[in-house]
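Here's query_13.txt, which has compact mmCIF, C-alpha atoms:
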# COMPACT_ATOMS: atom_id res chain seq x y z
CA MET I 1 -8.20 95.92 -27.00
CA SER I 2 -11.01 98.08 -25.66
CA SER I 3 -13.00 96.59 -22.84
CA LYS I 4 -16.15 96.91 -24.98
CA LEU I 5 -14.61 94.81 -27.77
CA THR I 6 -13.44 92.25 -25.19
CA ALA I 7 -16.99 92.03 -23.88
CA ILE I 8 -18.40 91.48 -27.40
CA LYS I 9 -15.81 88.75 -28.12
CA SER I 10 -16.45 86.93 -24.86
CA ALA I 11 -20.20 87.12 -25.45
CA ALA I 12 -19.73 85.56 -28.90
CA SER I 13 -17.60 82.74 -27.48
CA ALA I 14 -20.12 82.24 -24.68
CA ALA I 15 -22.93 81.96 -27.22
CA SER I 16 -21.25 78.97 -28.89
CA ARG I 17 -20.21 77.38 -25.60
CA PHE I 18 -23.45 77.40 -23.59
CA VAL I 19 -25.92 75.71 -25.95
CA LEU I 20 -26.91 72.21 -24.73
CA ASP I 21 -30.26 71.80 -22.95
CA ARG I 22 -29.51 70.53 -19.43
CA ARG I 23 -32.82 68.67 -19.29
CA GLN I 24 -31.55 66.36 -22.03
CA ALA I 25 -27.78 66.57 -21.59
CA VAL I 26 -27.58 65.74 -17.85
CA PRO I 27 -29.68 62.54 -18.06
CA GLU I 28 -27.81 61.43 -21.19
CA LEU I 29 -24.40 62.07 -19.61
CA VAL I 30 -25.21 60.37 -16.29
CA GLY I 31 -26.88 57.42 -18.03
CA ASN I 32 -28.08 54.74 -15.59
CA HIS I 33 -27.96 56.71 -12.33
CA LYS I 34 -28.14 53.50 -10.32
CA ASP I 35 -24.52 52.85 -11.30
CA PHE I 36 -23.54 55.46 -8.67
CA LEU I 37 -23.93 56.72 -5.15
CA ILE I 38 -24.75 60.35 -5.90
CA ILE I 39 -24.08 63.64 -4.10
CA SER I 40 -25.58 66.73 -5.63
CA GLY I 41 -24.79 70.35 -4.86
CA LEU I 42 -27.47 72.96 -4.38
CA ALA I 43 -29.53 74.87 -6.97
CA GLY I 44 -29.69 73.66 -10.60
CA ALA I 45 -27.71 70.47 -9.96
CA VAL I 46 -30.00 69.29 -7.17
CA TYR I 47 -33.04 69.80 -9.39
CA ASP I 48 -31.38 67.96 -12.30
CA MET I 49 -30.51 65.00 -10.11
CA SER I 50 -33.64 64.95 -7.96
CA SER I 51 -35.64 64.74 -11.16
CA LEU I 52 -33.42 62.04 -12.68
CA THR I 53 -33.21 59.82 -9.59
CA SER I 54 -36.71 60.51 -8.21
CA GLN I 55 -34.69 61.32 -5.03
CA GLY I 56 -33.86 57.65 -4.58
CA ASP I 57 -31.98 56.16 -1.63
CA HIS I 58 -28.65 56.27 -3.49
CA PHE I 59 -28.91 60.07 -3.77
CA TYR I 60 -28.09 62.85 -1.28
CA GLY I 61 -28.95 66.35 -2.50
CA LEU I 62 -27.99 69.61 -0.81
CA GLY I 63 -30.32 72.56 -0.33
CA GLY I 64 -27.60 74.84 1.08
CA ALA I 65 -24.00 74.62 2.39
CA MET I 66 -22.70 75.95 -0.94
CA GLY I 67 -19.34 74.40 -1.74
CA ALA I 68 -19.92 71.11 0.12
CA ALA I 69 -20.67 68.73 -2.75
CA THR I 70 -17.17 67.83 -3.98
CA MET I 71 -15.76 67.15 -0.51
CA MET I 72 -18.81 65.16 0.54
CA GLY I 73 -18.15 63.08 -2.55
CA LEU I 74 -14.53 62.53 -1.49
CA GLY I 75 -15.54 61.47 2.04
CA LEU I 76 -18.08 59.04 0.63
CA ALA I 77 -15.69 57.68 -2.03
CA LEU I 78 -12.99 56.99 0.59
CA ALA I 79 -15.56 55.34 2.86
CA ARG I 80 -17.03 53.17 0.09
CA PRO I 81 -14.27 51.91 -2.22
CA ASP I 82 -16.72 49.20 -3.33
CA LYS I 83 -19.00 51.78 -5.00
CA ARG I 84 -18.67 54.47 -7.67
CA VAL I 85 -19.47 57.92 -6.34
CA LEU I 86 -20.80 60.67 -8.60
CA VAL I 87 -20.79 64.34 -7.58
CA VAL I 88 -22.98 66.69 -9.62
CA THR I 89 -22.37 70.37 -8.99
CA GLY I 90 -22.69 73.71 -10.79
CA ASP I 91 -20.23 76.38 -11.87
CA GLY I 92 -21.38 78.76 -9.12
CA GLU I 93 -20.82 76.21 -6.37
CA LEU I 94 -17.52 74.94 -7.75
CA LEU I 95 -16.11 78.47 -8.11
CA MET I 96 -16.63 78.73 -4.35
CA SER I 97 -14.69 75.54 -3.62
CA LEU I 98 -11.95 75.34 -6.28
CA GLY I 99 -9.43 74.37 -3.61
CA SER I 100 -11.33 71.11 -3.09
CA LEU I 101 -10.30 70.06 -6.62
CA CYS I 102 -6.67 70.19 -5.42
CA THR I 103 -7.51 68.19 -2.30
CA ILE I 104 -9.20 65.57 -4.50
CA GLY I 105 -6.51 65.68 -7.20
CA VAL I 106 -3.66 64.78 -4.87
CA ILE I 107 -5.60 61.75 -3.56
CA ASN I 108 -7.09 60.86 -6.96
CA PRO I 109 -9.58 58.25 -5.70
CA PRO I 110 -10.38 55.85 -8.54
CA ASN I 111 -14.07 55.56 -7.65
CA LEU I 112 -14.96 59.27 -7.77
CA SER I 113 -16.42 61.16 -10.72
CA ILE I 114 -17.41 64.81 -10.80
CA VAL I 115 -19.77 66.52 -13.23
CA CYS I 116 -19.94 70.31 -13.24
CA VAL I 117 -23.07 71.53 -15.02
CA ASP I 118 -21.78 74.91 -16.19
CA ASN I 119 -24.40 77.35 -17.46
CA GLY I 120 -22.29 80.46 -16.86
CA HIS I 121 -24.86 81.85 -14.44
CA TYR I 122 -26.10 81.82 -10.87
CA GLY I 123 -29.51 80.43 -11.87
CA GLU I 124 -30.95 80.23 -8.37
CA THR I 125 -30.52 83.92 -7.60
CA GLY I 126 -31.74 85.47 -10.84
CA PHE I 127 -29.24 84.36 -13.53
CA GLN I 128 -26.40 86.73 -12.76
CA LYS I 129 -23.29 85.84 -14.82
CA THR I 130 -20.54 83.74 -13.20
CA HIS I 131 -16.84 83.96 -14.00
CA THR I 132 -17.18 81.02 -16.41
CA TYR I 133 -19.44 83.08 -18.68
CA ARG I 134 -16.61 85.60 -18.92
CA GLY I 135 -14.08 82.97 -19.93
CA VAL I 136 -12.90 81.14 -16.80
CA ASP I 137 -12.42 77.46 -17.69
CA ILE I 138 -13.02 75.13 -14.73
CA GLU I 139 -11.76 72.08 -16.65
CA GLN I 140 -8.33 73.75 -16.72
CA PHE I 141 -8.55 74.14 -12.94
CA ALA I 142 -9.36 70.44 -12.56
CA LYS I 143 -6.44 69.55 -14.81
CA GLY I 144 -4.11 71.86 -12.91
CA ALA I 145 -5.32 70.31 -9.67
CA GLY I 146 -3.99 66.97 -10.88
CA ILE I 147 -7.27 65.25 -11.65
CA SER I 148 -6.10 62.64 -14.11
CA ARG I 149 -9.01 62.44 -16.53
CA THR I 150 -10.88 65.59 -17.53
CA THR I 151 -13.00 66.64 -20.48
CA THR I 152 -15.43 69.34 -21.58
CA VAL I 153 -18.74 68.49 -23.21
CA SER I 154 -20.34 71.30 -25.20
CA LYS I 155 -21.90 69.32 -28.08
CA LYS I 156 -24.29 66.39 -28.18
CA GLU I 157 -21.79 64.10 -29.91
CA GLU I 158 -19.34 64.54 -27.01
CA ILE I 159 -21.72 63.15 -24.39
CA ALA I 160 -21.29 59.39 -24.97
CA GLY I 161 -17.50 59.42 -24.50
CA ALA I 162 -17.77 61.47 -21.32
CA SER I 163 -20.49 59.18 -19.98
CA LYS I 164 -18.08 56.27 -20.37
CA MET I 165 -15.32 58.25 -18.63
CA LEU I 166 -17.54 58.68 -15.56
CA ARG I 167 -17.61 54.90 -15.22
CA ASP I 168 -13.92 54.07 -15.73
CA GLY I 169 -12.08 53.13 -12.56
CA ASN I 170 -8.78 54.62 -13.58
CA GLY I 171 -8.50 57.67 -11.31
CA THR I 172 -10.88 60.50 -10.59
CA ALA I 173 -12.84 61.81 -13.58
CA PHE I 174 -14.00 65.39 -14.12
CA VAL I 175 -16.53 66.37 -16.77
CA LEU I 176 -17.38 70.01 -17.44
CA LEU I 177 -20.79 70.01 -19.14
CA THR I 178 -21.58 73.43 -20.61
CA VAL I 179 -25.28 74.10 -21.05
CA ALA I 180 -27.62 76.97 -21.92
CA PRO I 181 -28.75 79.19 -19.03
CA THR I 182 -32.22 77.69 -18.82
CA GLU I 183 -34.17 76.31 -15.85
CA ALA I 184 -33.47 72.83 -14.52
CA PRO I 185 -36.53 70.58 -14.15
CA LYS I 186 -38.58 71.89 -11.26
CA VAL I 187 -39.45 69.07 -8.88
CA LYS I 188 -40.46 69.22 -5.24
CA LEU I 189 -37.27 68.77 -3.20
CA ASN I 190 -37.06 66.93 0.09
CA LEU I 191 -35.25 69.63 2.08
CA ASP I 192 -35.08 67.66 5.34
CA GLY I 193 -31.40 66.76 5.26
CA ALA I 194 -31.58 64.74 8.47
CA VAL I 195 -34.32 62.47 7.07
CA CYS I 196 -32.37 62.09 3.81
CA ARG I 197 -29.23 61.17 5.78
CA VAL I 198 -30.99 58.45 7.78
CA GLN I 199 -32.61 57.07 4.64
CA PHE I 200 -29.35 57.03 2.68
CA ARG I 201 -27.47 55.27 5.48
CA LYS I 202 -30.24 52.77 6.15
CA THR I 203 -30.28 51.71 2.52
CA GLN I 204 -26.63 52.02 1.56
CA LEU I 205 -24.65 50.88 4.59
CA PRO I 206 -23.72 47.21 4.57
CA ALA I 207 -25.47 45.34 7.39
CA ASN I 208 -23.17 44.91 10.37
CA MET J 1 -0.61 78.72 9.67
CA THR J 2 2.45 77.58 11.52
CA SER J 3 3.14 77.49 15.18
CA GLN J 4 5.78 75.83 17.28
CA VAL J 5 4.99 74.07 20.49
CA SER J 6 7.20 73.29 23.41
CA GLN J 7 8.64 69.79 23.70
CA GLN J 8 6.25 67.34 25.33
CA GLU J 9 7.47 64.76 27.81
CA SER J 10 7.10 61.14 26.72
CA PRO J 11 4.89 59.22 26.31
CA ARG J 12 3.37 61.88 24.16
CA TRP J 13 -0.35 62.46 24.59
CA GLN J 14 -0.55 63.08 20.83
CA ASP J 15 0.52 59.49 20.14
CA GLN J 16 -1.95 58.20 22.71
CA LEU J 17 -4.67 60.29 21.06
CA TYR J 18 -3.90 58.92 17.58
CA ASP J 19 -3.93 55.34 18.83
CA PHE J 20 -7.17 55.97 20.71
CA LEU J 21 -8.91 57.41 17.63
CA ARG J 22 -7.74 54.52 15.44
CA LYS J 23 -8.84 51.97 18.05
CA ASN J 24 -12.28 53.58 17.86
CA ASN J 25 -12.51 53.18 14.09
CA VAL J 26 -11.63 56.68 12.96
CA THR J 27 -10.27 56.12 9.43
CA GLN J 28 -10.24 59.61 7.92
CA PHE J 29 -7.96 62.37 9.23
CA SER J 30 -8.28 65.74 7.50
CA TYR J 31 -6.21 68.79 8.30
CA VAL J 32 -4.66 72.09 7.39
CA PRO J 33 -1.11 71.81 8.74
CA ASP J 34 -0.47 73.02 12.27
CA ALA J 35 2.49 72.36 14.54
CA GLY J 36 0.18 71.43 17.42
CA HIS J 37 -1.28 68.63 15.30
CA ALA J 38 2.00 67.60 13.66
CA ILE J 39 2.27 64.23 15.42
CA LEU J 40 -1.31 63.20 14.55
CA ILE J 41 -0.88 64.36 10.97
CA ASN J 42 2.38 62.44 10.55
CA ARG J 43 0.91 59.32 12.14
CA SER J 44 -2.02 59.46 9.69
CA ILE J 45 0.35 59.86 6.72
CA GLU J 46 2.34 56.81 7.84
CA ASP J 47 -0.75 54.70 8.57
CA PRO J 48 -1.63 52.45 5.60
CA GLU J 49 -5.05 51.70 7.11
CA ALA J 50 -6.10 55.38 7.40
CA HIS J 51 -6.91 58.10 4.88
CA SER J 52 -4.79 61.19 5.46
CA VAL J 53 -6.50 64.10 3.72
CA ALA J 54 -4.53 67.36 3.42
CA LEU J 55 -7.01 70.18 2.87
CA ALA J 56 -6.71 73.46 0.98
CA ALA J 57 -9.07 75.06 3.53
CA GLU J 58 -10.64 73.89 6.77
CA GLN J 59 -14.29 73.93 5.65
CA GLU J 60 -13.46 71.11 3.22
CA GLY J 61 -12.92 68.83 6.22
CA VAL J 62 -16.42 69.54 7.52
CA ALA J 63 -18.03 68.42 4.25
CA LEU J 64 -15.62 65.46 4.08
CA ALA J 65 -16.93 64.27 7.46
CA ALA J 66 -20.53 64.42 6.21
CA GLY J 67 -19.65 62.32 3.16
CA ALA J 68 -17.76 59.85 5.33
CA ASP J 69 -20.81 59.46 7.56
CA LEU J 70 -23.01 58.66 4.54
CA GLY J 71 -20.54 55.89 3.79
CA GLY J 72 -20.45 54.61 7.37
CA ALA J 73 -16.93 55.88 8.14
CA ARG J 74 -15.61 58.13 10.90
CA SER J 75 -13.73 61.28 9.93
CA VAL J 76 -12.08 63.87 12.22
CA LEU J 77 -10.95 67.38 11.31
CA LEU J 78 -7.69 68.70 12.80
CA MET J 79 -7.28 72.47 12.65
CA GLN J 80 -5.97 75.55 14.37
CA SER J 81 -8.35 78.06 15.94
CA SER J 82 -7.90 80.42 12.97
CA GLY J 83 -9.48 77.73 10.76
CA VAL J 84 -12.70 77.67 12.77
CA GLY J 85 -13.80 80.89 11.11
CA ASN J 86 -13.47 79.29 7.68
CA CYS J 87 -15.91 76.55 8.70
CA ILE J 88 -18.90 78.60 9.81
CA ASN J 89 -21.35 78.20 6.91
CA MET J 90 -20.26 74.61 6.27
CA LEU J 91 -21.26 73.78 9.85
CA SER J 92 -24.86 74.52 8.81
CA LEU J 93 -24.65 71.27 6.84
CA MET J 94 -23.78 69.35 10.03
CA GLU J 95 -26.32 70.99 12.34
CA GLY J 96 -29.10 71.18 9.74
CA SER J 97 -28.79 67.57 8.64
CA LYS J 98 -27.71 66.21 12.05
CA PHE J 99 -24.42 64.76 10.85
CA PRO J 100 -22.11 63.59 13.63
CA PHE J 101 -18.97 65.75 13.68
CA LEU J 102 -15.76 65.68 15.70
CA THR J 103 -12.98 68.23 15.39
CA PHE J 104 -9.80 68.89 17.36
CA VAL J 105 -8.84 72.56 17.52
CA THR J 106 -5.39 73.69 18.61
CA MET J 107 -5.93 77.07 20.25
CA ARG J 108 -4.11 80.32 19.57
CA GLY J 109 -4.92 83.81 20.73
CA GLU J 110 -5.28 82.98 24.41
CA TYR J 111 -3.02 82.00 27.38
CA GLY J 112 0.40 83.53 26.76
CA GLU J 113 -0.15 84.37 23.08
CA GLY J 114 2.58 86.67 21.75
CA ASN J 115 1.08 87.42 18.33
CA PRO J 116 -1.74 89.97 18.53
CA TRP J 117 -3.08 88.83 15.11
CA GLN J 118 -4.24 85.58 16.71
CA TYR J 119 -6.58 87.06 19.33
CA ALA J 120 -9.61 88.03 17.23
CA MET J 121 -10.32 84.51 15.95
CA GLY J 122 -8.92 82.71 18.99
CA GLN J 123 -11.27 84.51 21.34
CA ALA J 124 -14.20 84.03 18.93
CA VAL J 125 -13.80 80.23 18.65
CA GLU J 126 -16.18 79.20 21.45
CA PRO J 127 -19.03 81.67 20.75
CA VAL J 128 -18.83 80.97 17.00
CA LEU J 129 -18.87 77.20 17.41
CA LYS J 130 -21.69 77.36 19.96
CA ALA J 131 -23.71 79.59 17.62
CA MET J 132 -23.39 76.91 14.92
CA GLY J 133 -24.51 74.09 17.22
CA VAL J 134 -21.08 72.66 18.05
CA ILE J 135 -20.44 71.69 21.69
CA CYS J 136 -17.00 72.75 22.96
CA LEU J 137 -14.94 70.59 25.34
CA ARG J 138 -11.79 72.31 26.53
CA VAL J 139 -8.59 70.45 27.51
CA GLU J 140 -5.77 72.10 29.46
CA ARG J 141 -3.90 69.12 30.95
CA PRO J 142 -2.27 66.17 29.14
CA GLU J 143 -4.00 63.65 31.41
CA ASP J 144 -7.41 64.98 30.31
CA VAL J 145 -6.89 64.47 26.56
CA ILE J 146 -7.98 60.82 26.37
CA PRO J 147 -10.93 60.99 28.84
CA THR J 148 -12.24 64.11 27.07
CA THR J 149 -11.86 62.44 23.68
CA ALA J 150 -13.70 59.35 24.98
CA ALA J 151 -16.55 61.58 26.15
CA ALA J 152 -16.57 63.44 22.84
CA MET J 153 -16.73 60.22 20.80
CA THR J 154 -19.76 59.03 22.78
CA MET J 155 -21.44 62.37 22.17
CA VAL J 156 -20.63 62.32 18.46
CA TRP J 157 -21.05 58.73 17.30
CA GLN J 158 -23.59 57.47 19.82
CA SER J 159 -25.69 60.61 20.37
CA GLU J 160 -24.96 62.07 16.90
CA GLN J 161 -23.88 65.50 18.16
CA ARG J 162 -21.31 67.97 16.86
CA VAL J 163 -18.33 68.40 19.20
CA ALA J 164 -15.10 70.40 19.14
CA VAL J 165 -12.28 69.37 21.49
CA LEU J 166 -10.33 72.56 22.14
CA LEU J 167 -6.68 71.83 22.88
CA ALA J 168 -5.79 74.90 24.96
CA GLN J 169 -2.62 76.90 24.58
CA LYS J 170 -1.92 76.01 28.22
CA LEU J 171 -1.70 72.37 27.10
CA LEU J 172 0.27 73.04 23.91
CA GLY J 173 2.60 75.75 25.17
CA ALA J 174 2.54 79.27 23.73
CA LYS J 175 4.67 80.00 20.68
CA LYS J 176 7.71 82.14 21.47
CA PHE J 177 8.11 85.43 19.55

Using structure tokens, write down the structure that the file contains.
Amino acid sequence: MSSKLTAIKSAASAASRFVLDRRQAVPELVGNHKDFLIISGLAGAVYDMSSLTSQGDHFYGLGGAMGAATMMGLGLALARPDKRVLVVTGDGELLMSLGSLCTIGVINPPNLSIVCVDNGHYGETGFQKTHTYRGVDIEQFAKGAGISRTTTVSKKEEIAGASKMLRDGNGTAFVLLTVAPTEAPKVKLNLDGAVCRVQFRKTQLPAN
Amino acid sequence: MTSQVSQQESPRWQDQLYDFLRKNNVTQFSYVPDAGHAILINRSIEDPEAHSVALAAEQEGVALAAGADLGGARSVLLMQSSGVGNCINMLSLMEGSKFPFLTFVTMRGEYGEGNPWQYAMGQAVEPVLKAMGVICLRVERPEDVIPTTAAAMTMVWQSEQRVAVLLAQKLLGAKKF
């Protein structure tokens, strides 16, 4: 097959895959955000979740340190088996830390759920295409990493089932949410990570 | 990366170090395998009260420690000097957000090193860590391991600093080639 024809085919498949509006799909998938302690990776994901949670005390959002979100989620989930931990990340960030899916998969903590909001692009830097736009399937990576429950949500009617999966305590859950390459809600971020850390700990740590 | 260390006389300082960390409420041990850390790694695997987290790459252990801190737990990263380079950008999370961080680094590329590939990163460990806001405490004698670790823990979990305890090749014994 010529490389031009391959490009046309992958563009056609991308067109049907990246359709949901993240501004509606992320809130619907997460549901009641207070069910979780939440870690969000940088860029689109941190805007999605800052908007949804009003940057509440159960939320820690990253403004940098690309690749940190999944492992922060694991550290928090191991430290707080009494809580459900939700990591929200993007395809760009997760492509940089695919190995962390293996690290998580072999431990398989029951109280950890991961959502990858996959828009096929690096939105923060000018919407350059990521590997997922060209056909790389991160759900298959999660599966191969041994994460026991995985699914892909590309249509509205698939959201409710995945939302339930995020809340089941039966092993780590991974949801790949494919969305259109449009802007996340723009809210003013609190970029002082040290203040956010103190606030999160003050509110969430059990009194000694 | 693998390396072999010379036999240590008993009681092994590595066992004392593991017991000391556990006594001080460290519950998460993350690592990329290294012979110098083998005893600590195996102790953590056998310990039902601790989380033993095998990493695909060292920088994962940095982020793990930040998440542990948000949950009120203490996490330490065990790695070889070659892994320090993998951690550089992730350390911006620790310095920028003032997360406490403790790592134990088994050194290569210094005293008696027989593999020239190890020198570039080994010699860069201290300047790189310092540049990223991590204080380095170097240990060359078995009897200094526990006092240095005690000092490091005060710095990390009382004063909320970032500290690397460098376990020197003089302490570990250079790998024979």

What's the 10 Å shell around Gly112 (chain J), counting all atoms listed in the file, without same-chain residues fewer than 5 positions away, as an MDAnalysis selection string? chainID J and resid 169:170 173:176

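Residue nearest Ala124 (chain J), chosen from J:Met94, J:Met155, J:Val139, J:Ile88 and counting all atoms listed in the file: J:Ile88.
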
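Among the candidates I:Pro27, I:Gly63, I:Gly99, I:Gly44, the residue lying nearest to Asn190 (chain I) is I:Gly63 (atoms considered: only C-alpha atoms).
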
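Comparing J:Arg162, J:Lys98, J:Arg12, J:Lys23 by their smallest distance to Lys130 (chain J), the closest is J:Arg162 (using all atoms listed in the file).
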
Would you tabulate, counting all atoms listed in the file, all residues of chain J that have an atom at most 9 Å from an atom of chain I, showing the closest pair of atoms and their distance in Å to one decimal, sorted by chain then ascending number, as a Markdown table?
| residue | atom | partner | partner_atom | distance |
| --- | --- | --- | --- | --- |
| J:Thr27 | CA | I:Ala79 | CA | 8.5 |
| J:Gln28 | CA | I:Gly75 | CA | 8.1 |
| J:His51 | CA | I:Leu78 | CA | 7.5 |
| J:Val53 | CA | I:Thr103 | CA | 7.3 |
| J:Ala54 | CA | I:Thr103 | CA | 6.5 |
| J:Leu55 | CA | I:Thr103 | CA | 5.6 |
| J:Ala56 | CA | I:Gly99 | CA | 5.4 |
| J:Ala57 | CA | I:Gly99 | CA | 7.2 |
| J:Gln59 | CA | I:Ala68 | CA | 8.4 |
| J:Glu60 | CA | I:Met71 | CA | 5.9 |
| J:Gly61 | CA | I:Met71 | CA | 7.5 |
| J:Val62 | CA | I:Ala68 | CA | 8.3 |
| J:Ala63 | CA | I:Met72 | CA | 5.0 |
| J:Leu64 | CA | I:Gly75 | CA | 4.5 |
| J:Ala65 | CA | I:Gly75 | CA | 6.3 |
| J:Ala66 | CA | I:Met72 | CA | 6.0 |
| J:Gly67 | CA | I:Met72 | CA | 4.0 |
| J:Ala68 | CA | I:Gly75 | CA | 4.3 |
| J:Asp69 | CA | I:Leu76 | CA | 7.5 |
| J:Leu70 | CA | I:Arg201 | CA | 5.7 |
| J:Gly71 | CA | I:Leu76 | CA | 5.1 |
| J:Gly72 | CA | I:Leu205 | CA | 6.3 |
| J:Ala73 | CA | I:Ala79 | CA | 5.5 |
| J:Arg74 | CA | I:Ala79 | CA | 8.5 |
| J:Ser75 | CA | I:Gly75 | CA | 8.1 |
| J:Asn89 | CA | I:Ala65 | CA | 6.3 |
| J:Met90 | CA | I:Ala65 | CA | 5.4 |
| J:Leu91 | CA | I:Ala65 | CA | 8.0 |
| J:Ser92 | CA | I:Ala65 | CA | 6.5 |
| J:Leu93 | CA | I:Ala65 | CA | 5.6 |
| J:Gly96 | CA | I:Gly193 | CA | 6.7 |
| J:Ser97 | CA | I:Ala194 | CA | 4.0 |
| J:Lys98 | CA | I:Ala194 | CA | 5.5 |
| J:Phe99 | CA | I:Ala194 | CA | 7.5 |

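Between CA of His131 (chain I) and CA of Ala43 (chain I) the interatomic distance comes to 17.1 Å.
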